[in-house]
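**Q** start_17.tsv (TSV, C-alpha atoms and all ligand atoms) pasted underneath:
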chain	number	residue	atom	x	y	z
S	6	MET	CA	2.05	-25.79	11.53
S	7	SER	CA	1.64	-24.11	8.18
S	8	THR	CA	4.68	-22.64	6.51
S	9	VAL	CA	5.04	-19.26	4.86
S	10	ALA	CA	5.07	-20.99	1.46
S	11	ASP	CA	1.76	-22.77	2.26
S	12	ASN	CA	0.23	-19.54	3.49
S	13	LEU	CA	1.36	-17.69	0.38
S	14	GLN	CA	-0.21	-20.28	-1.87
S	15	SER	CA	-3.47	-20.22	0.05
S	16	ILE	CA	-3.60	-16.39	0.00
S	17	GLN	CA	-2.95	-16.39	-3.75
S	18	THR	CA	-5.80	-18.85	-4.25
S	19	ARG	CA	-8.12	-16.68	-2.14
S	20	ILE	CA	-7.05	-13.59	-4.13
S	21	SER	CA	-7.79	-15.37	-7.43
S	22	ARG	CA	-11.20	-16.55	-6.27
S	23	ALA	CA	-12.17	-13.10	-4.99
S	24	ALA	CA	-11.08	-11.53	-8.28
S	25	GLN	CA	-13.09	-14.11	-10.23
S	26	ARG	CA	-16.19	-13.44	-8.09
S	27	ALA	CA	-15.81	-9.78	-9.05
S	28	GLY	CA	-15.37	-10.64	-12.72
S	29	ARG	CA	-11.78	-9.45	-12.70
S	30	ASP	CA	-8.48	-10.88	-13.85
S	31	PRO	CA	-6.60	-12.31	-10.82
S	32	GLU	CA	-3.44	-10.86	-12.38
S	33	SER	CA	-4.89	-7.39	-11.76
S	34	VAL	CA	-4.34	-7.78	-8.00
S	35	THR	CA	-0.91	-7.26	-6.44
S	36	LEU	CA	-0.09	-8.82	-3.08
S	37	VAL	CA	2.13	-6.68	-0.85
S	38	ALA	CA	3.65	-8.93	1.84
S	39	VAL	CA	3.73	-6.82	4.99
S	40	SER	CA	6.98	-7.86	6.62
S	41	LYS	CA	7.11	-5.40	9.53
S	42	ARG	CA	8.41	-7.01	12.72
S	43	GLN	CA	8.79	-10.43	11.07
S	44	GLU	CA	11.77	-12.75	11.26
S	45	PRO	CA	14.22	-12.50	8.33
S	46	GLU	CA	13.90	-16.29	7.80
S	47	LYS	CA	10.19	-15.91	7.15
S	48	ILE	CA	10.82	-13.13	4.66
S	49	ARG	CA	13.41	-15.34	2.93
S	50	ALA	CA	10.87	-18.17	2.81
S	51	ALA	CA	8.38	-15.84	1.09
S	52	ILE	CA	11.04	-14.75	-1.43
S	53	SER	CA	11.91	-18.40	-2.15
S	54	ALA	CA	8.22	-19.05	-2.78
S	55	GLY	CA	8.18	-16.26	-5.36
S	56	GLN	CA	7.00	-13.17	-3.43
S	57	GLN	CA	8.71	-9.99	-4.64
S	58	VAL	CA	6.74	-7.04	-3.23
S	59	PHE	CA	7.05	-6.21	0.47
S	60	GLY	CA	5.60	-3.54	2.72
S	61	GLU	CA	7.21	-1.91	5.75
S	62	ASN	CA	5.96	0.79	8.05
S	63	TYR	CA	8.79	1.43	10.46
S	64	LEU	CA	11.59	3.37	8.81
S	65	GLN	CA	14.24	2.36	11.34
S	66	ASP	CA	13.56	-1.37	10.93
S	67	ALA	CA	13.27	-1.11	7.16
S	68	ALA	CA	16.60	0.73	6.86
S	69	ALA	CA	18.34	-2.18	8.59
S	70	LYS	CA	16.40	-4.84	6.71
S	71	ILE	CA	16.20	-3.76	3.05
S	72	PRO	CA	19.97	-3.89	2.30
S	73	GLU	CA	20.04	-7.50	3.55
S	74	PHE	CA	17.72	-8.68	0.79
S	75	PRO	CA	18.16	-9.07	-2.99
S	76	ASP	CA	17.89	-6.01	-5.22
S	77	PHE	CA	15.07	-7.37	-7.37
S	78	LEU	CA	12.52	-6.97	-4.55
S	79	ARG	CA	10.15	-3.99	-4.48
S	80	TRP	CA	9.58	-2.26	-1.15
S	81	HIS	CA	6.45	-0.21	-0.43
S	82	PHE	CA	6.42	2.20	2.48
S	83	ILE	CA	3.03	1.92	4.23
S	84	GLY	CA	3.56	3.82	7.50
S	85	HIS	CA	3.20	7.38	8.71
S	86	ILE	CA	6.07	9.61	7.57
S	87	GLN	CA	7.40	12.57	9.49
S	88	THR	CA	8.47	15.22	6.99
S	89	ASN	CA	12.03	15.23	8.36
S	90	LYS	CA	12.33	11.52	7.47
S	91	ALA	CA	11.27	12.01	3.85
S	92	ALA	CA	14.85	11.90	2.49
S	93	ARG	CA	15.50	8.46	3.97
S	94	VAL	CA	12.15	7.12	2.76
S	95	ALA	CA	12.81	8.46	-0.76
S	96	GLU	CA	16.20	6.75	-0.78
S	97	LEU	CA	15.12	3.34	0.49
S	98	PHE	CA	11.72	2.68	-1.02
S	99	ASP	CA	10.41	1.87	-4.50
S	100	LEU	CA	6.90	3.20	-3.79
S	101	VAL	CA	5.31	5.24	-0.98
S	102	GLU	CA	1.65	4.41	-0.24
S	103	THR	CA	1.13	6.97	2.51
S	104	VAL	CA	1.39	10.46	1.02
S	105	ASP	CA	-1.29	12.41	2.89
S	106	ARG	CA	-0.21	16.06	2.76
S	107	LEU	CA	1.46	18.46	0.36
S	108	LYS	CA	4.33	19.32	2.70
S	109	LEU	CA	5.38	15.66	2.77
S	110	ALA	CA	4.95	15.30	-1.00
S	111	ARG	CA	7.17	18.34	-1.57
S	112	ALA	CA	9.84	16.96	0.76
S	113	LEU	CA	9.82	13.58	-1.04
S	114	ASP	CA	9.91	15.32	-4.43
S	115	LYS	CA	12.86	17.48	-3.41
S	116	HIS	CA	14.91	14.48	-2.31
S	117	CYS	CA	13.96	12.47	-5.38
S	118	ARG	CA	15.29	15.31	-7.52
S	119	VAL	CA	18.62	15.05	-5.68
S	120	LEU	CA	18.57	11.25	-6.18
S	121	ASN	CA	17.54	11.68	-9.83
S	122	LYS	CA	14.66	9.30	-9.17
S	123	ILE	CA	10.98	9.25	-10.08
S	124	LEU	CA	9.06	7.89	-7.08
S	125	PRO	CA	5.64	6.30	-7.56
S	126	VAL	CA	3.26	7.27	-4.75
S	127	TYR	CA	-0.29	6.58	-3.60
S	128	ILE	CA	-2.36	9.17	-1.76
S	129	GLN	CA	-3.62	7.90	1.60
S	130	VAL	CA	-7.30	8.67	2.20
S	131	ASN	CA	-8.87	8.69	5.67
S	132	ILE	CA	-12.03	7.09	4.37
S	133	GLY	CA	-13.50	6.46	7.83
S	134	ARG	CA	-12.71	10.03	8.96
S	135	GLU	CA	-11.03	8.67	12.09
S	136	ALA	CA	-9.25	11.24	14.25
S	137	GLN	CA	-6.38	8.85	15.08
S	138	LYS	CA	-5.66	7.86	11.47
S	139	SER	CA	-3.51	9.55	8.85
S	140	GLY	CA	-4.87	10.33	5.42
S	141	VAL	CA	-6.43	13.20	3.53
S	142	SER	CA	-10.20	13.63	3.83
S	143	PRO	CA	-12.25	12.70	0.76
S	144	GLU	CA	-13.20	16.41	0.24
S	145	ASP	CA	-9.56	17.52	0.24
S	146	LEU	CA	-8.39	14.69	-2.01
S	147	PRO	CA	-8.95	16.39	-5.42
S	148	GLN	CA	-6.85	19.39	-4.44
S	149	LEU	CA	-4.02	17.25	-3.02
S	150	LEU	CA	-4.09	14.98	-6.05
S	151	THR	CA	-3.71	17.95	-8.39
S	152	ALA	CA	-0.92	19.53	-6.35
S	153	VAL	CA	1.07	16.28	-6.01
S	154	GLY	CA	0.49	15.59	-9.71
S	155	ASP	CA	2.38	18.80	-10.49
S	156	LEU	CA	5.55	17.64	-8.71
S	157	ALA	CA	8.12	16.56	-11.28
S	158	ASN	CA	9.74	13.69	-9.37
S	159	LEU	CA	6.64	12.03	-7.94
S	160	ARG	CA	4.20	9.99	-10.01
S	161	VAL	CA	0.76	9.48	-8.46
S	162	GLU	CA	-0.18	5.89	-9.22
S	163	GLY	CA	-3.02	5.20	-6.82
S	164	LEU	CA	-4.97	5.67	-3.61
S	165	MET	CA	-4.52	3.83	-0.32
S	166	ALA	CA	-6.96	3.43	2.57
S	167	MET	CA	-7.45	1.59	5.83
S	168	PRO	CA	-11.08	1.44	6.98
S	169	PRO	CA	-12.00	1.51	10.67
S	170	TYR	CA	-10.98	-1.74	12.34
S	171	SER	CA	-13.61	-4.42	12.76
S	172	PRO	CA	-13.29	-8.19	13.25
S	173	ASP	CA	-16.09	-8.58	10.69
S	174	PRO	CA	-14.84	-7.94	7.13
S	175	GLU	CA	-18.38	-7.09	5.99
S	176	GLU	CA	-18.18	-3.96	8.19
S	177	ALA	CA	-15.33	-2.75	5.96
S	178	ARG	CA	-17.21	-3.31	2.69
S	179	PRO	CA	-18.98	0.10	2.58
S	180	TYR	CA	-15.63	1.85	3.08
S	181	PHE	CA	-13.99	-0.15	0.28
S	182	ARG	CA	-16.95	0.67	-1.94
S	183	ALA	CA	-16.67	4.35	-1.01
S	184	MET	CA	-13.02	4.30	-2.09
S	185	ALA	CA	-13.89	2.75	-5.44
S	186	ASP	CA	-16.64	5.36	-5.94
S	187	LEU	CA	-14.21	8.13	-5.03
S	188	ALA	CA	-11.72	6.86	-7.63
S	189	ASP	CA	-14.49	6.61	-10.26
S	190	GLY	CA	-15.56	10.19	-9.55
S	191	LEU	CA	-11.99	11.46	-9.87
S	192	ARG	CA	-11.51	9.53	-13.09
S	193	GLU	CA	-14.65	11.14	-14.56
S	194	LYS	CA	-13.29	14.56	-13.63
S	195	GLY	CA	-10.02	13.72	-15.38
S	196	LEU	CA	-8.07	13.94	-12.12
S	197	LEU	CA	-6.44	10.54	-12.45
S	198	GLY	CA	-4.33	11.70	-15.35
S	199	ASN	CA	-4.20	9.40	-18.33
S	200	GLN	CA	-3.58	6.25	-16.29
S	201	ARG	CA	-7.11	5.07	-16.87
S	202	GLU	CA	-6.38	1.42	-16.37
S	203	GLY	CA	-3.32	1.40	-14.19
S	204	PHE	CA	-4.56	3.50	-11.28
S	205	ALA	CA	-4.13	1.46	-8.09
S	206	LEU	CA	-6.49	1.06	-5.15
S	207	SER	CA	-4.54	-0.28	-2.17
S	208	MET	CA	-7.00	-1.58	0.41
S	209	GLY	CA	-7.55	-4.79	2.33
S	210	MET	CA	-5.39	-6.55	4.93
S	211	SER	CA	-5.28	-10.08	6.44
S	212	GLY	CA	-8.83	-9.95	7.78
S	213	ASP	CA	-10.63	-8.38	4.85
S	214	PHE	CA	-8.60	-8.59	1.62
S	215	GLU	CA	-11.20	-10.72	-0.18
S	216	VAL	CA	-13.97	-8.19	0.47
S	217	ALA	CA	-11.59	-5.40	-0.64
S	218	ILE	CA	-10.92	-7.21	-3.94
S	219	GLU	CA	-14.64	-7.76	-4.50
S	220	GLU	CA	-15.04	-3.98	-4.17
S	221	GLY	CA	-12.18	-3.11	-6.52
S	222	ALA	CA	-8.85	-3.34	-4.67
S	223	THR	CA	-5.89	-3.79	-7.03
S	224	VAL	CA	-3.33	-3.93	-4.20
S	225	VAL	CA	-3.80	-5.82	-0.92
S	226	ARG	CA	-1.42	-5.53	2.03
S	227	VAL	CA	-1.23	-8.79	3.96
S	228	GLY	CA	0.97	-9.43	7.01
S	229	THR	CA	-0.21	-11.85	9.69
S	230	ALA	CA	-2.13	-14.19	7.36
S	231	LEU	CA	1.14	-14.77	5.51
S	232	PHE	CA	3.82	-14.64	8.21
S	233	GLY	CA	1.91	-15.31	11.43
S	234	THR	CA	1.68	-12.98	14.43
S	235	ARG	CA	4.32	-10.27	14.75
S	236	ASP	CA	6.95	-9.91	17.53
S	301	LIG	C1	0.41	-3.84	9.46
S	301	LIG	C2	-0.28	-3.28	8.28
S	301	LIG	C3	-0.89	-4.13	7.33
S	301	LIG	C4	-0.98	-5.64	7.47
S	301	LIG	O1	-1.81	-6.00	8.52
S	301	LIG	P1	-2.22	-7.53	8.76
S	301	LIG	O2	-3.49	-7.43	9.50
S	301	LIG	O3	-1.11	-8.13	9.54
S	301	LIG	O4	-2.37	-8.16	7.43
S	301	LIG	C5	-1.45	-3.54	6.21
S	301	LIG	N1	-1.43	-2.20	6.02
S	301	LIG	C6	-0.85	-1.37	6.90
S	301	LIG	C7	-0.87	0.08	6.62
S	301	LIG	C8	-0.27	-1.88	8.06
S	301	LIG	O5	0.28	-1.03	8.94
Let me see whether you can do it: turn the structure in this file into structure tokens.
Ligand SMILES: *Cc1c(COP(=O)(O)O)cnc(C)c1O
**A**
Amino acid sequence: MSTVADNLQSIQTRISRAAQRAGRDPESVTLVAVSKRQEPEKIRAAISAGQQVFGENYLQDAAAKIPEFPDFLRWHFIGHIQTNKAARVAELFDLVETVDRLKLARALDKHCRVLNKILPVYIQVNIGREAQKSGVSPEDLPQLLTAVGDLANLRVEGLMAMPPYSPDPEEARPYFRAMADLADGLREKGLLGNQREGFALSMGMSGDFEVAIEEGATVVRVGTALFGTRD
């Protein structure tokens, strides 16, 4: 049976190779270890093996879990957020990947002001236009980006997307490419601020992170390939 440390090493190798195939520096890709519904021992094993960035998408679970782990970790929120839970998310997390509407952004901003905190956020895009998925539509993205960019306590650092599920990673490739094109278009219009290099594209999970990196992902969110199946 492979251990979390073995899995982490193999994922890092796969990330490096995918980056090299795309002519990119492997250091330009950040691995977010998605620890939702995983045993604390497995999370500790990942930390011991050097992993420092984790992703959670259930607020309740994360609120119990985060204080149990060392302060030097960085926690990304990657789940749907009800506006009335924004205060708790703003308090607990280092980065929120799932800002998809102005009302939520304003609620996060308001609580960050109280906390005297600048919160990095990504805007979640519903790139497959799926009715059941969260995310702003590509047409509404420029307006949301501009409005969130005006909020003093949020800093827009990237875009996040989850393409329609398919067991074949090649099916996701056109969606990853569409995200990269969307980001390029926004950059040309000057809508990505002055973070020309640092703007993140969070896309790719256990089944398709290599394809996502080939198409320009700078952040991949990997759960089961690292920790095994969830409870
Ligand atoms: C659960 C989850 C992941 C990780 O999925 P795996 O297939 O286990 O790698 C990534 N992103 C989001 C938004 C998730 O909810």
**Q** Write out as a CSV table (one decimal) with C-alpha atoms, keeping the file's coordinate frame each polymer residue (protein, DNA or RNA) that has an atom no more than 7 Å from ligand LIG 301 (chain S), with all atoms listed in the file counted.
**A**
chain,number,residue,atom,x,y,z
S,39,VAL,CA,3.7,-6.8,5.0
S,41,LYS,CA,7.1,-5.4,9.5
S,62,ASN,CA,6.0,0.8,8.0
S,83,ILE,CA,3.0,1.9,4.2
S,84,GLY,CA,3.6,3.8,7.5
S,167,MET,CA,-7.4,1.6,5.8
S,210,MET,CA,-5.4,-6.6,4.9
S,211,SER,CA,-5.3,-10.1,6.4
S,212,GLY,CA,-8.8,-10.0,7.8
S,226,ARG,CA,-1.4,-5.5,2.0
S,227,VAL,CA,-1.2,-8.8,4.0
S,228,GLY,CA,1.0,-9.4,7.0
S,229,THR,CA,-0.2,-11.8,9.7
S,230,ALA,CA,-2.1,-14.2,7.4
**Q** If you count all atoms listed in the file, which residues fall within 8 Å of segment 137-149 of chain S, apart from same-chain ones fewer than 2 positions away, as a PyMOL selection string?
**A** chain S and resi 85+103-107+128-132+134-135+151-153+166+187+191+196
**Q** Of the candidates S:Gly190, S:Gly209, S:Gly154, S:Pro125, which one gets nearest to Pro169 of chain S if we count all atoms listed in the file?
**A**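 Among the listed residues, S:Gly209 lies closest to Pro169 of chain S.
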**Q** Just checking: using only C-alpha atoms, which residue out of S:Ala188, S:Leu206, S:Ala217, S:Ala10 ends up closest to Ala54 of chain S?
**A**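 The closest residue to Ala54 of chain S is S:Ala10.
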**Q** Compile the contact shell of Ser21 of chain S as an MDAnalysis selection string: residues with an atom at most 9 Å away, counting only C-alpha atoms, same-chain residues fewer than 3 positions apart removed.
**A** chainID S and resid 16:18 24:26 29:32 34
**Q** Go through S:Ala27, S:Ala177, S:Ala185, S:Ala68 one by one, measure the shortest atom-to-atom distance of each to Phe214 of chain S using only C-alpha atoms, and give the residue with the smallest value.
**A**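 Looking at the shortest contact to Phe214 of chain S, the residue is S:Ala177.
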**Q** What is the atom CA of Arg160 of chain S-atom CA of Glu219 of chain S distance in Å, reported with one decimal?
**A**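 Separating atom CA of Arg160 of chain S from atom CA of Glu219 of chain S is a distance of 26.5 Å.
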**Q** Enclose segment 81-93 of chain S, meaning all of its atoms listed in the file, in a box aligned along x, y and z, pad it by 4 Å on each side, and list the centre and edge lengths in Å to one decimal, as lines of an AutoDock Vina configuration file.
**A**
center_x = 9.3
center_y = 7.5
center_z = 4.5
size_x = 20.5
size_y = 23.4
size_z = 17.9
**Q** Restricting the calculation to only C-alpha atoms, which member of S:Arg178, S:Lys122, S:Arg22, S:Arg192 is positioned closest to Gly163 of chain S?
**A**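 Comparing S:Arg178, S:Lys122, S:Arg22, S:Arg192 against Gly163 of chain S, the winner is S:Arg192.
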**Q** Mind giving me the straight-line distance from atom CA of Glu175 of chain S to atom CA of Glu215 of chain S in Å, one decimal?
**A**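 Atom CA of Glu215 of chain S lies at a distance of 10.1 Å from atom CA of Glu175 of chain S.
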